[in-house]
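Undergrad: Here you go, one structure.
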Amino acid sequence: MTDSTESGDLRLTGISKTYGGSFTAVHPLDLTVPHGAFFALLGASGCGKTTTLRMIAGLEDPTTGSVLLGDRDVTRLPPYKRPVNTVFQSYALFPHLSVYENVAFGLRRRGAARVRERVGDMLDLVQLGDLAARRPHQLSGGQQQRVAVARALINHPRVLLLDEPLGALDLKLRRQMQLELKRIQTEVGITFVHVTHDQEEAMSLADTVAVMNGGRVEQLGAPAELYENPRTTFVANFLGTSNLIGADVVSAGGGEVVVTASGVRLRLPAGRCATAPGADGRLLVGIRPEKMSLVHRDEADSVPAGRNRFTGTIAAAGFIGVSTQYLIDSPLGPGVEVYVQNIERDPRLTPGAEVVVHWNPEHSFGLDAAQDINSGVETAGDPS
Amino acid sequence: MAPIAWLRRHTVVVAGLLTLAYLLLPNLVVLVFSFNAPAGKFNYSWREFSTAAWRDPCGVPDLCGSLALSLQIAFWATAGATVLGVMIAFALVRYRFRGRGAVNSLIFLPMAMPEVVMAASLLTLFLNLGAELGFPTVLIAHTMFCLSFVVVAVKARVLSMDPRLEEAARDLYAGPVQTFLRVTLPIAAPGIAAGALLAFSLSFDDFIITNFTSGTAVTFPMFVWGSAQRGTPVQINVIGTAMFVLAVLTVVLGQLVAGRRRNHTPS
């Protein structure tokens, strides 16, 4: 019984890609995508995610390693002999063929039966039944995207590869197509491998996300696991926003690590440290902005005991409706970010006000201090 | 006042129509004079309406023979230049090889070189090779100068082609041959057709190179040139008009087919 599910897994073993003997796009990589999973490869451009996808498709020959579909080694098979199909970035629909013929292309090449019926069913699945006679250039971006999905899915591939499939759509349509992709995946039960640079897209769609950076997988796991417990500064910064504070370890034991940063004592669970505190006793303490709370200095006594806390000054405040985003200057450093949900707004919390920032120690995480603290920070206007 | 205001508002239309008239007026003159019944040997001044030439287009000795020869040469030169040109264009766009840059610029040389220079050099070449001048030498010369134009037309099309389309075809179970026939060729087709049409009209129309390399063979342009010294038969205008109408019909037909295909419903 376990055999049948295992045989559908996509496995990459020691796969790597080096161009011209000098530039390594993908370092040797081991990856298992379970049968029927929605798997996302997430990373900035040039991180090797698309190269990895193209090696699975057969459009790129790996320098080392192999691609296995179940027990079958497909590494040496050309793309047209692999039971794998791709939804290309900006779709690559055949401009000289109608929507119908685009979708029927794969079936016709394999001489499949009942082409007409199957194309009709597939166009219904993506809600394009009435546009079958159109040419790709007569469709909107969202419609083209659905044709691209239909054209690949109709072949019932063992794995469907999606290369930034929503990259060309505007934000509203993106959200809509994300829901649609998820619906289709649940309906057909085919393994999806989805490449994207959009962390929200990856987290909302995928069961498992692999965060890639510099040709390597930095961390792999369920979206919540990656977000709550990042193991590297890149993951902490690339997935959402993190405050990272350099600190010295005071004691470690009893499942708890105590550190000091600029004289402020902070505690965090040992189980949430990516590495055992090093011999030099340095550690990066991470905390998500929405996990922190803010009170005015006059009410410092209201902060419950046992919480991590420090005192600072509001440097800037940005009201964005659902929440207010504060930048706090403190001995820990400038620009600690705190997001306060818009429930009851304290009118005293304006720039210049002295405040106490506090949070549950359980929500902190610890990272190896030897890394670049800004790795994975995307925007140029980064506050830290 | 009113006409000036009207002119000001329609400047673009008026200028456009004048330019079009400038372009088409010669064709109109050829058409009108194909219905002339000239007094002497020269068809340069209007005398009276007649359809005699249209009823007997081959009535002048050697005219239709030269036309047939020109059409044959144009057909084979187009075929040769198109096949070679398509291969060269794909090679130049798709592959990186030693000397690619040099080939890329050399391919333009026959287009830039004055035709009379090329004609003289070709004659020298053929004479030194001991070749007998005639149909084969004209065909070789025509294929050669048409080649550049086909390469340029096809190259532009192949360059603008998304390489991902061929990857998509391969991903959808099309092997190399199927990918070329089903995706690459149909998408490159407009460029190939443009190159071929250009080649045909260049070859059909050529006088200078043909005159140098034809020996005793006489093509249609050479026939027209030769007869212009001794008198111009009305039949020349008939052939000219027929060629023009044929070209217009081809273009209109092409537009219609393209328009229909765009709205074609598959079954």
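As shown in the structure tokens, the chain order sets the letters A, B, ...; within each chain, residues go from 1, and ligands are also counted from 1 in the order they appear.
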For B:Ile140, please output as a count of residues only all residues within 12 Å (counting only C-alpha atoms; exclusion window: fewer than 4 positions along the same chain).
TA: 27
Undergrad: Give me, as a PDB file with C-alpha atoms, in the first residue's frame, the contact residues of chain B against chain A at a cut-off of 12 Å, counting only C-alpha atoms.
TA:
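The file below, out-v1.pdb, is the result:
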```pdb
ATOM      1  CA  MET B 161      10.443  34.047 -32.125  1.00  0.00           C
ATOM      2  CA  ASP B 162      10.177  33.033 -28.477  1.00  0.00           C
ATOM      3  CA  PRO B 163      12.490  30.031 -27.949  1.00  0.00           C
ATOM      4  CA  ARG B 164      10.121  28.889 -25.230  1.00  0.00           C
ATOM      5  CA  LEU B 165       7.542  27.997 -27.899  1.00  0.00           C
ATOM      6  CA  GLU B 166       9.803  25.207 -29.110  1.00  0.00           C
ATOM      7  CA  GLU B 167      10.502  24.157 -25.542  1.00  0.00           C
ATOM      8  CA  ALA B 168       6.761  24.028 -24.946  1.00  0.00           C
ATOM      9  CA  ALA B 169       6.352  21.800 -28.001  1.00  0.00           C
ATOM     10  CA  ARG B 170       9.078  19.456 -26.789  1.00  0.00           C
ATOM     11  CA  ASP B 171       7.481  19.438 -23.358  1.00  0.00           C
ATOM     12  CA  LEU B 172       4.189  18.432 -25.019  1.00  0.00           C
ATOM     13  CA  TYR B 173       5.560  15.219 -26.557  1.00  0.00           C
ATOM     14  CA  ALA B 174       6.708  16.630 -29.918  1.00  0.00           C
ATOM     15  CA  GLY B 175      10.058  15.207 -31.026  1.00  0.00           C
ATOM     16  CA  PRO B 176      12.586  17.341 -32.959  1.00  0.00           C
ATOM     17  CA  VAL B 177      10.939  16.790 -36.369  1.00  0.00           C
ATOM     18  CA  GLN B 178       7.395  17.391 -35.088  1.00  0.00           C
ATOM     19  CA  THR B 179       8.536  20.484 -33.214  1.00  0.00           C
ATOM     20  CA  ARG B 182       4.274  21.972 -36.177  1.00  0.00           C
ATOM     21  CA  VAL B 183       5.695  24.983 -34.383  1.00  0.00           C
ATOM     22  CA  THR B 184       8.926  26.410 -35.798  1.00  0.00           C
ATOM     23  CA  LEU B 185       7.999  26.357 -39.479  1.00  0.00           C
ATOM     24  CA  PRO B 186       4.422  27.713 -39.173  1.00  0.00           C
ATOM     25  CA  ILE B 187       5.610  30.566 -36.976  1.00  0.00           C
ATOM     26  CA  ALA B 188       8.499  31.406 -39.316  1.00  0.00           C
ATOM     27  CA  ALA B 189       6.221  31.072 -42.376  1.00  0.00           C
ATOM     28  CA  PRO B 190       5.348  34.780 -42.815  1.00  0.00           C
ATOM     29  CA  ALA B 258      -5.237  35.303 -43.176  1.00  0.00           C
ATOM     30  CA  ARG B 261      -7.898  31.699 -40.594  1.00  0.00           C
ATOM     31  CA  ARG B 262      -7.985  34.115 -37.692  1.00  0.00           C
ATOM     32  CA  ASN B 263     -11.687  33.430 -37.243  1.00  0.00           C
ATOM     33  CA  HIS B 264     -11.464  29.776 -38.123  1.00  0.00           C
ATOM     34  CA  THR B 265     -13.424  27.403 -35.910  1.00  0.00           C
ATOM     35  CA  PRO B 266     -11.713  24.066 -35.379  1.00  0.00           C
ATOM     36  CA  SER B 267     -13.690  20.867 -35.457  1.00  0.00           C
TER      37      SER B 267
END
```
Undergrad: Stretch 19-245 of chain A: which residues are strand (DSSP E) by DSSP, as a PDB file with C-alpha atoms, in the first residue's frame?
TA:
```
ATOM      1  CA  TYR A  19      27.464  26.368 -16.759  1.00  0.00           C
ATOM      2  CA  PHE A  23      29.113  29.291 -12.783  1.00  0.00           C
ATOM      3  CA  THR A  24      27.133  26.935 -10.574  1.00  0.00           C
ATOM      4  CA  ALA A  25      23.414  27.658 -10.830  1.00  0.00           C
ATOM      5  CA  VAL A  26      22.354  24.762  -8.618  1.00  0.00           C
ATOM      6  CA  HIS A  27      24.580  23.066  -6.032  1.00  0.00           C
ATOM      7  CA  PRO A  28      24.078  19.323  -5.450  1.00  0.00           C
ATOM      8  CA  LEU A  29      20.538  19.062  -4.206  1.00  0.00           C
ATOM      9  CA  ASP A  30      18.414  16.306  -2.703  1.00  0.00           C
ATOM     10  CA  LEU A  31      14.700  16.795  -2.756  1.00  0.00           C
ATOM     11  CA  THR A  32      11.677  14.541  -2.430  1.00  0.00           C
ATOM     12  CA  VAL A  33       8.262  15.787  -3.495  1.00  0.00           C
ATOM     13  CA  PHE A  38       1.647  21.112  -3.905  1.00  0.00           C
ATOM     14  CA  PHE A  39       5.327  21.969  -3.638  1.00  0.00           C
ATOM     15  CA  ALA A  40       6.792  25.452  -4.010  1.00  0.00           C
ATOM     16  CA  LEU A  41      10.349  26.456  -4.869  1.00  0.00           C
ATOM     17  CA  LEU A  42      10.693  29.961  -3.487  1.00  0.00           C
ATOM     18  CA  THR A  64      25.483  15.657 -11.802  1.00  0.00           C
ATOM     19  CA  GLY A  65      22.777  13.680 -10.077  1.00  0.00           C
ATOM     20  CA  SER A  66      19.504  12.196 -11.238  1.00  0.00           C
ATOM     21  CA  VAL A  67      15.774  12.795 -11.499  1.00  0.00           C
ATOM     22  CA  LEU A  68      13.516   9.940 -10.425  1.00  0.00           C
ATOM     23  CA  LEU A  69       9.781   9.595 -10.940  1.00  0.00           C
ATOM     24  CA  ARG A  72      12.053   5.251 -12.802  1.00  0.00           C
ATOM     25  CA  ASP A  73      15.204   7.203 -13.606  1.00  0.00           C
ATOM     26  CA  VAL A  84       6.004  15.715 -16.936  1.00  0.00           C
ATOM     27  CA  ASN A  85       4.463  18.912 -18.295  1.00  0.00           C
ATOM     28  CA  THR A  86       5.229  22.567 -17.782  1.00  0.00           C
ATOM     29  CA  VAL A  87       3.272  25.798 -17.491  1.00  0.00           C
ATOM     30  CA  VAL A 159       4.185  16.074 -12.179  1.00  0.00           C
ATOM     31  CA  LEU A 160       3.002  19.502 -13.321  1.00  0.00           C
ATOM     32  CA  LEU A 161       5.725  22.143 -13.305  1.00  0.00           C
ATOM     33  CA  LEU A 162       4.712  25.794 -13.008  1.00  0.00           C
ATOM     34  CA  ASP A 163       7.355  28.435 -13.734  1.00  0.00           C
ATOM     35  CA  THR A 191       1.798  16.712  -8.002  1.00  0.00           C
ATOM     36  CA  PHE A 192       2.433  20.426  -8.598  1.00  0.00           C
ATOM     37  CA  VAL A 193       5.908  21.936  -8.415  1.00  0.00           C
ATOM     38  CA  HIS A 194       5.488  25.692  -8.401  1.00  0.00           C
ATOM     39  CA  VAL A 195       8.370  28.145  -8.857  1.00  0.00           C
ATOM     40  CA  THR A 196       7.831  31.657  -7.546  1.00  0.00           C
ATOM     41  CA  THR A 208       5.635  22.366   1.409  1.00  0.00           C
ATOM     42  CA  VAL A 209       7.935  25.247   0.533  1.00  0.00           C
ATOM     43  CA  ALA A 210      11.626  24.985  -0.261  1.00  0.00           C
ATOM     44  CA  VAL A 211      13.362  28.349   0.123  1.00  0.00           C
ATOM     45  CA  MET A 212      16.288  28.584  -2.298  1.00  0.00           C
ATOM     46  CA  ASN A 213      19.213  30.980  -2.172  1.00  0.00           C
ATOM     47  CA  ARG A 216      21.005  25.844  -2.472  1.00  0.00           C
ATOM     48  CA  VAL A 217      17.887  24.990  -0.490  1.00  0.00           C
ATOM     49  CA  GLU A 218      18.100  27.088   2.669  1.00  0.00           C
ATOM     50  CA  GLN A 219      15.160  25.493   4.420  1.00  0.00           C
ATOM     51  CA  LEU A 220      12.284  23.212   3.580  1.00  0.00           C
ATOM     52  CA  GLY A 221       9.024  22.757   5.402  1.00  0.00           C
ATOM     53  CA  ASN A 243      13.750  41.882  13.750  1.00  0.00           C
ATOM     54  CA  LEU A 244      17.174  40.324  14.258  1.00  0.00           C
ATOM     55  CA  ILE A 245      19.148  41.392  17.329  1.00  0.00           C
TER      56      ILE A 245
END
```
Undergrad: Would you give me, as a ChimeraX atom specification, the residues in stretch 35-270 of chain A that DSSP reads as alpha helix (DSSP H)?
TA: /A:49-57,99-109,115-125,141-153,171-188,199-205,223-228,233-238
Undergrad: Please provide as a list in words all residues within 12 Å of B:Met243, with the sequence filter that same-chain residues fewer than 5 positions apart are discarded (counting only C-alpha atoms).
TA: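 Those residues are Asn27, Val30, Leu31, Leu67, Leu71, Ser201, Phe204, Asp205, Ile236, Asn237, Val238, Val248, Leu249 and Thr250 of chain B.
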Undergrad: Would you output that residue set with N, CA and C atoms, as a short mmCIF file (atom, residue, chain, number, x, y, z; two decimals), in the first residue's frame?
TA:
```cif
data_model
loop_
_atom_site.label_atom_id
_atom_site.label_comp_id
_atom_site.auth_asym_id
_atom_site.auth_seq_id
_atom_site.Cartn_x
_atom_site.Cartn_y
_atom_site.Cartn_z
N ASN B 27 1.72 52.91 -63.09
CA ASN B 27 0.97 51.69 -63.38
C ASN B 27 -0.28 52.02 -64.18
N VAL B 30 0.64 52.62 -67.79
CA VAL B 30 0.89 51.33 -68.46
C VAL B 30 -0.45 50.68 -68.82
N LEU B 31 -1.39 50.73 -67.87
CA LEU B 31 -2.70 50.12 -68.09
C LEU B 31 -3.42 50.79 -69.26
N LEU B 67 9.11 35.67 -71.70
CA LEU B 67 8.32 35.69 -70.45
C LEU B 67 8.42 34.33 -69.76
N LEU B 71 9.94 33.55 -66.04
CA LEU B 71 9.16 32.91 -64.97
C LEU B 71 9.88 31.66 -64.46
N SER B 201 10.26 38.57 -57.16
CA SER B 201 10.13 39.81 -57.93
C SER B 201 11.50 40.36 -58.31
N PHE B 204 12.68 38.12 -61.31
CA PHE B 204 11.87 38.34 -62.52
C PHE B 204 12.23 39.66 -63.20
N ASP B 205 12.55 40.63 -62.37
CA ASP B 205 12.73 42.00 -62.79
C ASP B 205 14.16 42.33 -63.20
N ILE B 236 3.73 44.57 -74.52
CA ILE B 236 4.56 44.77 -73.32
C ILE B 236 3.71 45.38 -72.21
N ASN B 237 2.90 46.35 -72.58
CA ASN B 237 2.00 46.96 -71.59
C ASN B 237 0.98 45.93 -71.08
N VAL B 238 0.54 45.07 -71.97
CA VAL B 238 -0.43 44.04 -71.57
C VAL B 238 0.19 43.13 -70.52
N VAL B 248 -1.55 42.26 -57.23
CA VAL B 248 -2.59 42.82 -56.36
C VAL B 248 -3.53 41.72 -55.89
N LEU B 249 -3.94 40.86 -56.84
CA LEU B 249 -4.85 39.76 -56.48
C LEU B 249 -4.22 38.85 -55.43
N THR B 250 -2.93 38.55 -55.59
CA THR B 250 -2.24 37.69 -54.62
C THR B 250 -2.30 38.30 -53.23
#
```
Undergrad: Taking 3 positions as the minimum chain separation for residues in the same chain, which residues sit within 6 Å of A:Asn237 when counting only C-alpha atoms? Answer as a list in words.
TA: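 Near neighbours after the sequence-gap exclusion: Phe234, Thr241, Ser242, Gly376 and Val377 of chain A.
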Undergrad: So that I can check the surroundings of A:Val356, please list as a ChimeraX atom specification every protein, DNA and RNA residue that reaches within 7 Å of it, counting only C-alpha atoms and ignoring chain neighbours fewer than 6 positions away.
TA: /A:294-297,300,309-312
Undergrad: Quick one: of A:Ile287, A:Val250, A:Ala206, A:Ile320, who's nearest to A:Val336, counting only C-alpha atoms?
TA: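 Of the candidates, the smallest distance to A:Val336 is held by A:Ile287.
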Undergrad: Enter the distance from atom CA of B:Phe244 to atom CA of B:Leu24, in Å, rounded to one decimal.
TA: 10.7 Å
Undergrad: Using only C-alpha atoms, which residues sit within 9 Å of B:Val116 once same-chain residues fewer than 4 positions away are excluded, as a PyMOL selection string?
TA: chain B and resi 120-121+208-209+212
Undergrad: What does the file look like for those residues with N, CA and C atoms, as a short mmCIF file (atom, residue, chain, number, x, y, z; two decimals), in the first residue's frame?
TA:
```
data_model
loop_
_atom_site.label_atom_id
_atom_site.label_comp_id
_atom_site.auth_asym_id
_atom_site.auth_seq_id
_atom_site.Cartn_x
_atom_site.Cartn_y
_atom_site.Cartn_z
N ALA B 120 29.60 42.43 -63.63
CA ALA B 120 30.88 42.32 -64.33
C ALA B 120 31.76 41.25 -63.71
N SER B 121 31.77 41.21 -62.35
CA SER B 121 32.61 40.20 -61.70
C SER B 121 32.09 38.79 -61.97
N ILE B 208 20.35 43.96 -65.23
CA ILE B 208 21.80 44.17 -65.37
C ILE B 208 22.58 42.85 -65.29
N ILE B 209 22.39 42.14 -64.17
CA ILE B 209 23.15 40.90 -63.98
C ILE B 209 22.78 39.89 -65.08
N PHE B 212 24.52 40.51 -68.36
CA PHE B 212 25.93 40.12 -68.38
C PHE B 212 26.12 38.61 -68.46
#
```
Undergrad: One decimal, Å: what's the distance from atom CA of B:Leu106 over to atom CA of B:Phe75, could you say?
TA: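 Distance reported for this atom pair: 25.1 Å.
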